[in-house]
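Structure below is protein06.cif: mmCIF, C-alpha atoms and all ligand atoms.
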```
data_upload
loop_
_atom_site.label_atom_id
_atom_site.label_comp_id
_atom_site.auth_asym_id
_atom_site.auth_seq_id
_atom_site.Cartn_x
_atom_site.Cartn_y
_atom_site.Cartn_z
CA MET Z 1 -0.79 15.57 71.74
CA SER Z 2 1.86 13.24 70.37
CA LYS Z 3 3.11 13.81 66.84
CA PRO Z 4 2.45 11.32 64.03
CA VAL Z 5 5.40 8.94 63.57
CA VAL Z 6 7.38 8.59 60.34
CA LEU Z 7 9.61 5.51 60.16
CA VAL Z 8 12.63 5.95 57.87
CA ALA Z 9 13.75 2.45 56.86
CA GLU Z 10 16.58 3.38 54.48
CA GLU Z 11 18.94 6.28 53.97
CA LEU Z 12 17.08 9.52 53.31
CA SER Z 13 18.75 12.83 52.43
CA PRO Z 14 19.17 15.36 55.28
CA ALA Z 15 17.01 17.76 53.24
CA GLY Z 16 14.21 15.19 53.30
CA ILE Z 17 14.59 14.61 57.04
CA ALA Z 18 14.49 18.38 57.60
CA VAL Z 19 11.08 18.57 55.87
CA LEU Z 20 9.72 15.99 58.35
CA GLU Z 21 11.34 16.88 61.65
CA ASN Z 22 9.13 19.81 62.71
CA ASP Z 23 5.81 18.09 62.30
CA PHE Z 24 6.57 14.45 62.98
CA GLU Z 25 8.47 12.13 65.26
CA VAL Z 26 11.08 10.60 62.96
CA ARG Z 27 12.30 7.10 63.80
CA TYR Z 28 14.85 4.93 62.02
CA VAL Z 29 15.16 1.21 61.34
CA ASP Z 30 17.09 -1.00 58.93
CA GLY Z 31 14.32 -1.99 56.52
CA ALA Z 32 16.31 -4.93 55.16
CA ASP Z 33 16.24 -6.52 58.64
CA ARG Z 34 12.75 -8.04 58.84
CA ASP Z 35 13.09 -8.88 62.55
CA ALA Z 36 13.67 -5.21 63.26
CA LEU Z 37 11.24 -3.83 60.68
CA LEU Z 38 8.09 -5.77 61.61
CA PRO Z 39 7.89 -4.64 65.27
CA ALA Z 40 9.04 -1.14 64.29
CA VAL Z 41 6.10 -0.56 61.91
CA ALA Z 42 3.50 -1.47 64.55
CA ASP Z 43 2.65 2.08 65.65
CA VAL Z 44 3.87 4.30 62.81
CA ASP Z 45 1.81 6.53 60.52
CA ALA Z 46 4.22 6.60 57.57
CA LEU Z 47 7.01 4.39 56.26
CA ILE Z 48 9.78 5.68 53.96
CA ILE Z 49 11.81 3.16 51.96
CA ARG Z 50 14.14 2.78 48.96
CA SER Z 51 14.99 -0.58 47.30
CA ALA Z 52 16.05 -2.82 50.17
CA THR Z 53 12.79 -2.84 52.14
CA LYS Z 54 10.05 -5.17 50.92
CA ALA Z 55 6.77 -3.44 51.74
CA ASN Z 56 4.45 -6.43 51.37
CA ALA Z 57 1.28 -7.83 52.96
CA GLU Z 58 3.25 -9.03 56.02
CA VAL Z 59 4.40 -5.45 56.70
CA PHE Z 60 0.87 -4.06 56.29
CA GLU Z 61 -0.50 -6.73 58.69
CA HIS Z 62 1.95 -5.55 61.36
CA ALA Z 63 1.40 -1.85 60.65
CA LYS Z 64 -2.03 -1.20 62.09
CA LYS Z 65 -1.76 2.61 62.04
CA LEU Z 66 0.09 2.97 58.73
CA ARG Z 67 -1.45 5.52 56.35
CA VAL Z 68 1.27 6.00 53.75
CA VAL Z 69 4.29 4.15 52.39
CA ALA Z 70 6.67 6.32 50.42
CA ARG Z 71 9.37 5.08 48.04
CA ALA Z 72 12.25 7.57 47.70
CA GLY Z 73 12.84 6.68 44.07
CA VAL Z 74 11.14 5.51 40.89
CA GLY Z 75 10.44 1.76 40.83
CA LEU Z 76 7.61 0.43 42.98
CA ASP Z 77 8.42 -3.25 42.43
CA ASN Z 78 9.36 -3.70 46.12
CA VAL Z 79 5.93 -2.44 47.22
CA ASP Z 80 2.89 -4.70 47.00
CA VAL Z 81 0.56 -1.94 45.86
CA GLU Z 82 -2.48 -4.25 45.86
CA ALA Z 83 -1.85 -5.32 49.47
CA ALA Z 84 -1.30 -1.68 50.43
CA THR Z 85 -4.59 -0.65 48.84
CA LYS Z 86 -6.41 -3.49 50.63
CA ALA Z 87 -4.90 -2.31 53.90
CA GLY Z 88 -5.98 1.29 53.15
CA VAL Z 89 -2.37 2.48 52.83
CA MET Z 90 -1.52 5.13 50.25
CA VAL Z 91 1.60 4.49 48.12
CA VAL Z 92 3.68 7.42 46.88
CA ASN Z 93 7.02 7.63 45.09
CA ALA Z 94 9.34 10.23 43.56
CA PRO Z 95 8.97 9.38 39.89
CA THR Z 96 11.16 12.10 38.43
CA SER Z 97 13.71 12.53 41.21
CA ASN Z 98 16.51 10.41 39.78
CA ILE Z 99 15.72 10.04 36.08
CA VAL Z 100 18.60 12.21 34.82
CA THR Z 101 20.97 10.50 37.25
CA ALA Z 102 19.79 7.04 36.13
CA ALA Z 103 20.10 7.90 32.42
CA GLU Z 104 23.61 9.27 33.01
CA HIS Z 105 24.58 6.07 34.84
CA ALA Z 106 23.34 3.90 31.96
CA ILE Z 107 25.52 5.97 29.61
CA ALA Z 108 28.47 5.70 31.99
CA LEU Z 109 28.11 1.91 31.88
CA LEU Z 110 27.69 1.95 28.10
CA LEU Z 111 30.88 3.98 27.60
CA ALA Z 112 32.76 1.95 30.20
CA THR Z 113 31.72 -1.23 28.42
CA ALA Z 114 32.59 0.13 24.97
CA ARG Z 115 36.05 1.30 26.03
CA ASN Z 116 36.99 -1.18 28.79
CA VAL Z 117 37.52 1.67 31.24
CA PRO Z 118 37.26 -0.35 34.49
CA GLN Z 119 39.37 -3.19 33.08
CA GLY Z 120 42.15 -0.82 31.94
CA HIS Z 121 41.98 1.02 35.25
CA ALA Z 122 42.23 -2.20 37.29
CA ALA Z 123 45.12 -3.52 35.17
CA LEU Z 124 47.08 -0.27 35.43
CA LYS Z 125 46.57 -0.16 39.19
CA GLN Z 126 48.20 -3.61 39.19
CA GLY Z 127 51.14 -2.10 37.28
CA GLU Z 128 50.13 -3.57 33.89
CA TRP Z 129 50.23 -1.32 30.80
CA LYS Z 130 47.83 -3.24 28.48
CA ARG Z 131 46.90 -1.12 25.47
CA SER Z 132 45.91 -3.62 22.78
CA LYS Z 133 44.09 -5.98 25.14
CA TYR Z 134 41.63 -3.21 25.97
CA THR Z 135 40.94 -1.90 22.49
CA GLY Z 136 37.30 -0.83 22.39
CA VAL Z 137 34.64 0.26 19.92
CA GLU Z 138 33.27 3.68 18.85
CA LEU Z 139 29.67 4.70 19.39
CA GLN Z 140 29.43 6.89 16.26
CA GLY Z 141 27.35 5.26 13.53
CA LYS Z 142 26.34 2.36 15.77
CA THR Z 143 22.76 1.38 16.54
CA VAL Z 144 21.52 1.51 20.10
CA GLY Z 145 18.31 -0.28 21.04
CA VAL Z 146 16.41 1.33 23.89
CA LEU Z 147 14.12 -1.10 25.68
CA GLY Z 148 11.41 1.01 27.28
CA LEU Z 149 11.05 4.56 25.96
CA GLY Z 150 9.71 6.07 29.18
CA ARG Z 151 11.17 8.86 31.28
CA ILE Z 152 14.68 7.42 31.59
CA GLY Z 153 14.71 5.73 28.17
CA VAL Z 154 13.95 9.08 26.50
CA LEU Z 155 16.71 10.87 28.44
CA ALA Z 156 19.19 8.14 27.53
CA ALA Z 157 18.12 8.27 23.86
CA GLN Z 158 18.51 12.07 23.72
CA ARG Z 159 21.99 11.85 25.19
CA LEU Z 160 23.09 8.97 22.95
CA ALA Z 161 21.90 10.93 19.89
CA ALA Z 162 24.73 13.37 20.65
CA PHE Z 163 27.16 10.50 19.95
CA ASP Z 164 25.72 10.20 16.40
CA MET Z 165 24.16 6.86 17.13
CA GLU Z 166 21.10 5.52 15.34
CA ILE Z 167 18.41 5.03 17.94
CA ILE Z 168 15.74 2.36 17.80
CA ALA Z 169 13.35 1.43 20.57
CA TYR Z 170 10.90 -1.25 21.62
CA ASP Z 171 7.97 0.02 23.65
CA PRO Z 172 4.49 -1.08 22.61
CA TYR Z 173 2.91 1.60 24.79
CA ILE Z 174 4.51 4.55 22.98
CA GLN Z 175 3.03 6.20 19.87
CA ALA Z 176 5.23 6.03 16.76
CA ALA Z 177 4.69 9.81 16.29
CA ARG Z 178 6.09 10.54 19.76
CA ALA Z 179 9.12 8.36 19.01
CA ALA Z 180 9.62 10.02 15.62
CA GLN Z 181 9.57 13.44 17.31
CA LEU Z 182 12.50 12.20 19.41
CA GLY Z 183 14.33 10.89 16.33
CA VAL Z 184 13.76 7.31 17.48
CA ARG Z 185 12.49 4.49 15.24
CA LEU Z 186 10.10 2.11 16.97
CA VAL Z 187 10.73 -1.56 16.14
CA THR Z 188 9.61 -4.96 17.40
CA LEU Z 189 11.57 -6.65 20.16
CA ASP Z 190 13.12 -9.13 17.72
CA GLU Z 191 14.13 -6.35 15.30
CA LEU Z 192 15.76 -4.48 18.17
CA LEU Z 193 17.68 -7.59 19.19
CA GLN Z 194 18.82 -8.30 15.62
CA GLN Z 195 19.86 -4.73 14.74
CA SER Z 196 21.44 -3.30 17.91
CA ASP Z 197 25.16 -2.86 18.61
CA PHE Z 198 24.22 -1.70 22.10
CA ILE Z 199 21.04 -2.43 24.04
CA THR Z 200 20.06 -0.35 27.05
CA VAL Z 201 17.22 -1.52 29.30
CA HIS Z 202 14.83 1.04 30.82
CA LEU Z 203 11.80 -1.09 31.66
CA PRO Z 204 9.92 -1.46 34.93
CA LYS Z 205 10.09 -4.88 36.57
CA THR Z 206 6.71 -6.49 35.96
CA LYS Z 207 5.35 -9.98 35.21
CA GLU Z 208 5.79 -9.19 31.49
CA THR Z 209 9.33 -7.81 31.66
CA LEU Z 210 10.89 -10.30 34.09
CA GLY Z 211 13.14 -12.51 31.92
CA LEU Z 212 12.12 -10.57 28.78
CA ILE Z 213 15.70 -10.91 27.55
CA GLY Z 214 16.24 -14.63 27.95
CA ASP Z 215 17.89 -17.47 26.10
CA ARG Z 216 15.77 -17.16 22.90
CA GLU Z 217 16.41 -13.41 22.74
CA LEU Z 218 20.15 -13.77 23.36
CA HIS Z 219 20.34 -16.12 20.38
CA LEU Z 220 18.97 -13.33 18.14
CA VAL Z 221 21.52 -10.62 19.00
CA LYS Z 222 24.67 -9.71 17.05
CA PRO Z 223 27.80 -11.18 18.67
CA GLU Z 224 29.21 -7.66 18.99
CA VAL Z 225 26.27 -6.42 21.08
CA ARG Z 226 26.89 -4.85 24.49
CA ILE Z 227 23.93 -4.96 26.88
CA ILE Z 228 23.36 -2.36 29.59
CA ASN Z 229 20.87 -2.88 32.41
CA ALA Z 230 20.47 -0.05 34.90
CA ALA Z 231 16.72 -0.70 35.32
CA ARG Z 232 15.95 -3.83 37.32
CA GLY Z 233 17.71 -7.14 37.86
CA GLY Z 234 16.10 -10.14 36.21
CA ILE Z 235 14.74 -8.30 33.15
CA VAL Z 236 17.85 -9.68 31.46
CA ASP Z 237 17.91 -13.31 32.60
CA GLU Z 238 21.22 -13.76 34.42
CA ALA Z 239 21.78 -17.45 33.55
CA ALA Z 240 20.99 -16.79 29.88
CA LEU Z 241 23.37 -13.80 29.84
CA ASP Z 242 26.10 -15.85 31.52
CA ALA Z 243 25.72 -18.54 28.82
CA ALA Z 244 25.72 -15.95 26.01
CA LEU Z 245 28.90 -14.33 27.36
CA THR Z 246 30.58 -17.70 27.83
CA GLU Z 247 29.72 -18.72 24.26
CA GLY Z 248 30.77 -15.35 22.78
CA ARG Z 249 27.24 -14.53 21.58
CA VAL Z 250 27.41 -11.19 23.43
CA ALA Z 251 30.48 -8.91 23.48
CA GLY Z 252 29.92 -7.35 26.86
CA ALA Z 253 27.49 -6.16 29.50
CA GLY Z 254 27.17 -3.25 31.89
CA LEU Z 255 25.04 -4.15 34.90
CA ASP Z 256 23.88 -1.97 37.78
CA VAL Z 257 21.09 -4.21 39.03
CA PHE Z 258 20.75 -7.89 39.91
CA SER Z 259 17.88 -10.30 40.47
CA THR Z 260 18.78 -10.61 44.16
CA GLU Z 261 20.31 -7.62 45.93
CA PRO Z 262 22.66 -7.03 47.59
CA CYS Z 263 24.58 -9.19 45.10
CA THR Z 264 28.25 -9.65 45.93
CA ASP Z 265 28.87 -12.85 44.02
CA SER Z 266 27.50 -13.97 40.68
CA PRO Z 267 28.65 -16.16 37.77
CA LEU Z 268 28.46 -12.95 35.72
CA PHE Z 269 31.31 -11.40 37.71
CA LYS Z 270 33.86 -13.85 36.26
CA HIS Z 271 33.60 -12.35 32.75
CA ASP Z 272 36.28 -9.78 32.02
CA ASN Z 273 33.89 -8.05 29.59
CA VAL Z 274 31.23 -7.40 32.24
CA VAL Z 275 31.23 -4.04 34.03
CA ILE Z 276 29.29 -3.97 37.27
CA THR Z 277 28.12 -1.40 39.80
CA PRO Z 278 26.18 -1.97 43.05
CA HIS Z 279 22.81 -0.38 42.12
CA LEU Z 280 24.31 3.09 41.82
CA GLY Z 281 21.84 4.27 39.18
CA ALA Z 282 20.17 6.78 41.50
CA SER Z 283 23.20 7.54 43.60
CA THR Z 284 24.08 11.17 43.05
CA HIS Z 285 23.80 13.93 45.64
CA GLU Z 286 21.34 15.74 43.40
CA ALA Z 287 19.01 12.78 42.88
CA GLN Z 288 19.06 11.75 46.53
CA GLU Z 289 18.23 15.27 47.64
CA LYS Z 290 15.32 15.44 45.18
CA ALA Z 291 14.04 11.96 46.11
CA GLY Z 292 14.28 12.75 49.84
CA THR Z 293 12.50 16.09 49.67
CA GLN Z 294 9.86 14.89 47.19
CA VAL Z 295 8.79 11.93 49.32
CA ALA Z 296 8.99 13.91 52.56
CA LYS Z 297 6.64 16.54 51.10
CA SER Z 298 4.29 13.80 49.84
CA VAL Z 299 4.24 12.14 53.27
CA LYS Z 300 3.47 15.49 54.88
CA LEU Z 301 0.55 16.08 52.50
CA ALA Z 302 -0.75 12.53 52.91
CA LEU Z 303 -0.65 12.68 56.71
CA SER Z 304 -2.52 16.00 56.64
CA GLY Z 305 -5.21 14.39 54.52
CA GLU Z 306 -4.34 16.58 51.54
CA PHE Z 307 -4.15 15.69 47.86
CA VAL Z 308 -0.71 14.33 46.88
CA PRO Z 309 0.16 15.46 43.33
CA ASP Z 310 2.50 13.48 41.06
CA ALA Z 311 5.97 14.85 41.77
P1 LIG Z 401 8.77 4.80 33.01
O1 LIG Z 401 7.55 4.19 33.57
O2 LIG Z 401 8.79 6.26 32.74
O3 LIG Z 401 9.16 4.07 31.64
C1 LIG Z 401 9.07 2.70 31.45
C2 LIG Z 401 8.71 2.44 29.99
O4 LIG Z 401 8.67 1.02 29.81
C3 LIG Z 401 7.33 2.99 29.60
O5 LIG Z 401 7.44 3.81 28.46
C4 LIG Z 401 6.51 1.75 29.32
O6 LIG Z 401 5.59 1.93 28.23
C5 LIG Z 401 7.58 0.73 28.95
N1 LIG Z 401 7.14 -0.64 29.18
C6 LIG Z 401 6.45 -1.14 30.22
N2 LIG Z 401 6.24 -2.46 30.06
C7 LIG Z 401 6.82 -2.79 28.88
C8 LIG Z 401 6.95 -4.02 28.18
N3 LIG Z 401 6.43 -5.16 28.65
N4 LIG Z 401 7.63 -4.00 27.02
C9 LIG Z 401 8.16 -2.86 26.52
N5 LIG Z 401 8.04 -1.66 27.14
C10 LIG Z 401 7.38 -1.64 28.31
O7 LIG Z 401 9.96 4.37 33.98
P2 LIG Z 401 11.37 5.08 34.14
O8 LIG Z 401 11.28 6.17 35.13
O9 LIG Z 401 11.92 5.38 32.80
O10 LIG Z 401 12.20 3.90 34.85
C11 LIG Z 401 12.62 2.77 34.13
C12 LIG Z 401 13.25 1.74 35.05
O11 LIG Z 401 14.43 2.24 35.63
C13 LIG Z 401 12.39 1.27 36.23
O12 LIG Z 401 12.55 -0.12 36.36
C14 LIG Z 401 13.04 1.90 37.43
O13 LIG Z 401 12.79 1.20 38.60
C15 LIG Z 401 14.47 1.83 37.00
N6 LIG Z 401 15.37 2.73 37.74
C16 LIG Z 401 16.54 2.22 38.18
C17 LIG Z 401 17.41 3.05 38.85
C18 LIG Z 401 18.71 2.53 39.38
O14 LIG Z 401 19.13 2.97 40.44
N7 LIG Z 401 19.39 1.64 38.70
C19 LIG Z 401 17.11 4.40 39.05
C20 LIG Z 401 15.90 4.88 38.58
C21 LIG Z 401 15.01 4.03 37.91
C1 LIG Z 402 14.74 3.66 41.75
O1 LIG Z 402 13.87 2.87 41.37
O2 LIG Z 402 14.49 4.86 41.96
C2 LIG Z 402 16.12 3.21 41.94
O3 LIG Z 402 16.30 1.87 41.82
C3 LIG Z 402 16.86 3.89 42.99
C4 LIG Z 402 16.99 3.30 44.34
O4 LIG Z 402 16.41 2.29 44.66
O5 LIG Z 402 17.70 3.87 45.11
#
```

Please re-express this file's structure in structure tokens.
Ligand code: NAD
Ligand code: MLT
Amino acid sequence: MSKPVVLVAEELSPAGIAVLENDFEVRYVDGADRDALLPAVADVDALIIRSATKANAEVFEHAKKLRVVARAGVGLDNVDVEAATKAGVMVVNAPTSNIVTAAEHAIALLLATARNVPQGHAALKQGEWKRSKYTGVELQGKTVGVLGLGRIGVLAAQRLAAFDMEIIAYDPYIQAARAAQLGVRLVTLDELLQQSDFITVHLPKTKETLGLIGDRELHLVKPEVRIINAARGGIVDEAALDAALTEGRVAGAGLDVFSTEPCTDSPLFKHDNVVITPHLGASTHEAQEKAGTQVAKSVKLALSGEFVPDA
């Protein structure tokens, strides 16, 4: 009897592949290439993706045998969960696999933005010794506003507390008592915008959060604010941020994610006070190994008709 087929559409850790190889036929495709993906899903039982593959109704229409789509990471915004459910396809992810890695990356961007690390590095590599140009700011005593006090927001808040920062957060779905336990003061969105020296975004991309930080919001912030987004592109409106940076209403930004990815050119890139990374928030060996093995185990359970617990 032939083995069920698992289609791996994006890079998956060798540890994850090893979990699959004994029981399944593992095939590979570039999920970002629709012309390759659509025929490739036709006869597969499971599809494993990360961020670049859009698992939408069109994919489910082509994938007549598909039983499970697995996202080797946290966000499910590139999976049309409703269309999957209609098509009878189970959706699984690895919700805790990369949360420490993502929180650490947000802090890396925050520190890099505060201290102009990439700018100083680039200048020195060009043979320029520019000390005063790249004078930065301290974190101690400053207020950081955490947008979204979920898994990653909490980890970021706990780590930033070690820098003696005051931590405020906006998250209407979190109890004030839970926030207080973490030493975090819950505030409204406008209060967070008005009080923060740093803002770090840890929201999912949804209809409500897309463009949440737009032109109105960027007129409320302090001019010395530095905004970090290692969650999803578009939550901070890119045109509004570009205008705020141009007009000096924002002192800097650290961005790991963009509204369209891959993003190799953007008006935001021209600002010397913007630090950018190419969606590296989950990119550590540790997180990729966890994401790979967690989704591979979930796929194995799903294809055996067993209960798939939250990882
Ligand atoms: P989570 O679900 O644990 O936390 C999200 C929090 O946002 C929740 O507490 C929720 O109550 C809050 N929230 C939801 N809608 C809100 C709204 N409209 N206003 C205010 N708060 C709202 O998610 P998480 O694991 O912490 O992940 C956060 C984000 O980070 C996701 O977008 C995820 O995709 C992204 N992420 C990015 C990378 C990367 O590589 N850059 C890596 C991992 C996760
Ligand atoms: C996630 O949601 O887990 C991240 O964006 C990581 C990724 O896509 O690789």

Given 8 Å and all atoms listed in the file, residues near ligand LIG 402 (chain Z) as a PyMOL selection string
chain Z and resi 50-52+71-76+94-95+97-99+102+231-232+279-283

Need the shell around Z:Ala15: protein/DNA/RNA residues with any atom at most 8 Å away, counting all atoms listed in the file. Skip same-chain ones fewer than 2 positions apart. Format as a PyMOL selection string?
chain Z and resi 13+17-19+289+292-293

Between Z:Gly150, Z:Gly234, Z:Pro223, Z:Gly211, which one has atoms that come closest to ligand LIG 401 (chain Z), using only C-alpha atoms and all ligand atoms?
Z:Gly150

With distances taken over all atoms listed in the file, which of Z:Val137, Z:Ala251, Z:Ala161, Z:Val100 is nearest to ligand LIG 401 (chain Z)?
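Ranked by minimum distance to ligand LIG 401 (chain Z), first place goes to Z:Val100.
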
Work out how far atom CA of Z:Val6 is from atom CA of Z:Phe24, in Å to one decimal.
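These atoms are spaced 6.5 Å apart.
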
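Each of Z:Asn22, Z:Thr85, Z:Thr284, Z:Thr246 was checked against ligand LIG 401 (chain Z) using all atoms listed in the file; the smallest atom-to-atom distance is that of Z:Thr284.
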
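Going from atom CA of Z:Asp43 over to atom CA of Z:Leu7, you cover 9.5 Å.
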
Could you state the separation of atom CA of Z:Phe163 and atom CA of Z:Asn116 in Å, given to one decimal place?
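So the answer is 17.6 Å.
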
So which one's closest to Z:Val146, Z:Thr96, Z:His202, Z:Gln126, Z:Ala103? Using only C-alpha atoms, please.
Z:His202

Between Z:Ala57, Z:Ala180, Z:Val8, Z:Ile235, which is the closest to Z:Leu210 once you count all atoms listed in the file?
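For Z:Leu210, the nearest of the candidates is Z:Ile235.
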
Counting all atoms listed in the file, which residue out of Z:Leu303, Z:Asp265, Z:Ala240, Z:Asp80 sits closest to Z:Ala46?
Z:Leu303

Set the distance at 12 Å and use only C-alpha atoms: which residues neighbour stretch 154-160 of chain Z once local chain neighbours fewer than 6 positions away are removed? I'd like the list as a ChimeraX atom specification.
/Z:96,98-111,139-148,166-171,174,178-185,198-203,228,230

Contacts of Z:Gly252 at 9 Å (only C-alpha atoms; same-chain gap of 2+ positions) as a VMD selection string
chain Z and resid 113 to 114 224 to 228 245 250 254 271 to 275

Now that the selection is made, can you save its residues with C-alpha atoms as a PDB file, in the coordinates of the input?
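Saved the output as out.pdb:
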```pdb
ATOM      1  CA  THR Z 113      31.720  -1.230  28.420  1.00  0.00           C
ATOM      2  CA  ALA Z 114      32.590   0.130  24.970  1.00  0.00           C
ATOM      3  CA  GLU Z 224      29.210  -7.660  18.990  1.00  0.00           C
ATOM      4  CA  VAL Z 225      26.270  -6.420  21.080  1.00  0.00           C
ATOM      5  CA  ARG Z 226      26.890  -4.850  24.490  1.00  0.00           C
ATOM      6  CA  ILE Z 227      23.930  -4.960  26.880  1.00  0.00           C
ATOM      7  CA  ILE Z 228      23.360  -2.360  29.590  1.00  0.00           C
ATOM      8  CA  LEU Z 245      28.900 -14.330  27.360  1.00  0.00           C
ATOM      9  CA  VAL Z 250      27.410 -11.190  23.430  1.00  0.00           C
ATOM     10  CA  GLY Z 254      27.170  -3.250  31.890  1.00  0.00           C
ATOM     11  CA  HIS Z 271      33.600 -12.350  32.750  1.00  0.00           C
ATOM     12  CA  ASP Z 272      36.280  -9.780  32.020  1.00  0.00           C
ATOM     13  CA  ASN Z 273      33.890  -8.050  29.590  1.00  0.00           C
ATOM     14  CA  VAL Z 274      31.230  -7.400  32.240  1.00  0.00           C
ATOM     15  CA  VAL Z 275      31.230  -4.040  34.030  1.00  0.00           C
TER      16      VAL Z 275
END
```

Might you pull out every residue within 9 Å of Z:Gly31, with only C-alpha atoms counted and same-chain residues fewer than 2 positions away left off, and present them as JSON, numbers by chain?
{"Z": [8, 9, 10, 28, 29, 33, 34, 36, 37, 38, 49, 50, 52, 53, 54]}

Could the residues in this selection be saved with C-alpha atoms as a short mmCIF file (atom, residue, chain, number, x, y, z; two decimals), in the coordinates of the input?
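Saved as selection14.cif:
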```cif
data_model
loop_
_atom_site.label_atom_id
_atom_site.label_comp_id
_atom_site.auth_asym_id
_atom_site.auth_seq_id
_atom_site.Cartn_x
_atom_site.Cartn_y
_atom_site.Cartn_z
CA VAL Z 8 12.63 5.95 57.87
CA ALA Z 9 13.75 2.45 56.86
CA GLU Z 10 16.58 3.38 54.48
CA TYR Z 28 14.85 4.93 62.02
CA VAL Z 29 15.16 1.21 61.34
CA ASP Z 33 16.24 -6.52 58.64
CA ARG Z 34 12.75 -8.04 58.84
CA ALA Z 36 13.67 -5.21 63.26
CA LEU Z 37 11.24 -3.83 60.68
CA LEU Z 38 8.09 -5.77 61.61
CA ILE Z 49 11.81 3.16 51.96
CA ARG Z 50 14.14 2.78 48.96
CA ALA Z 52 16.05 -2.82 50.17
CA THR Z 53 12.79 -2.84 52.14
CA LYS Z 54 10.05 -5.17 50.92
#
```
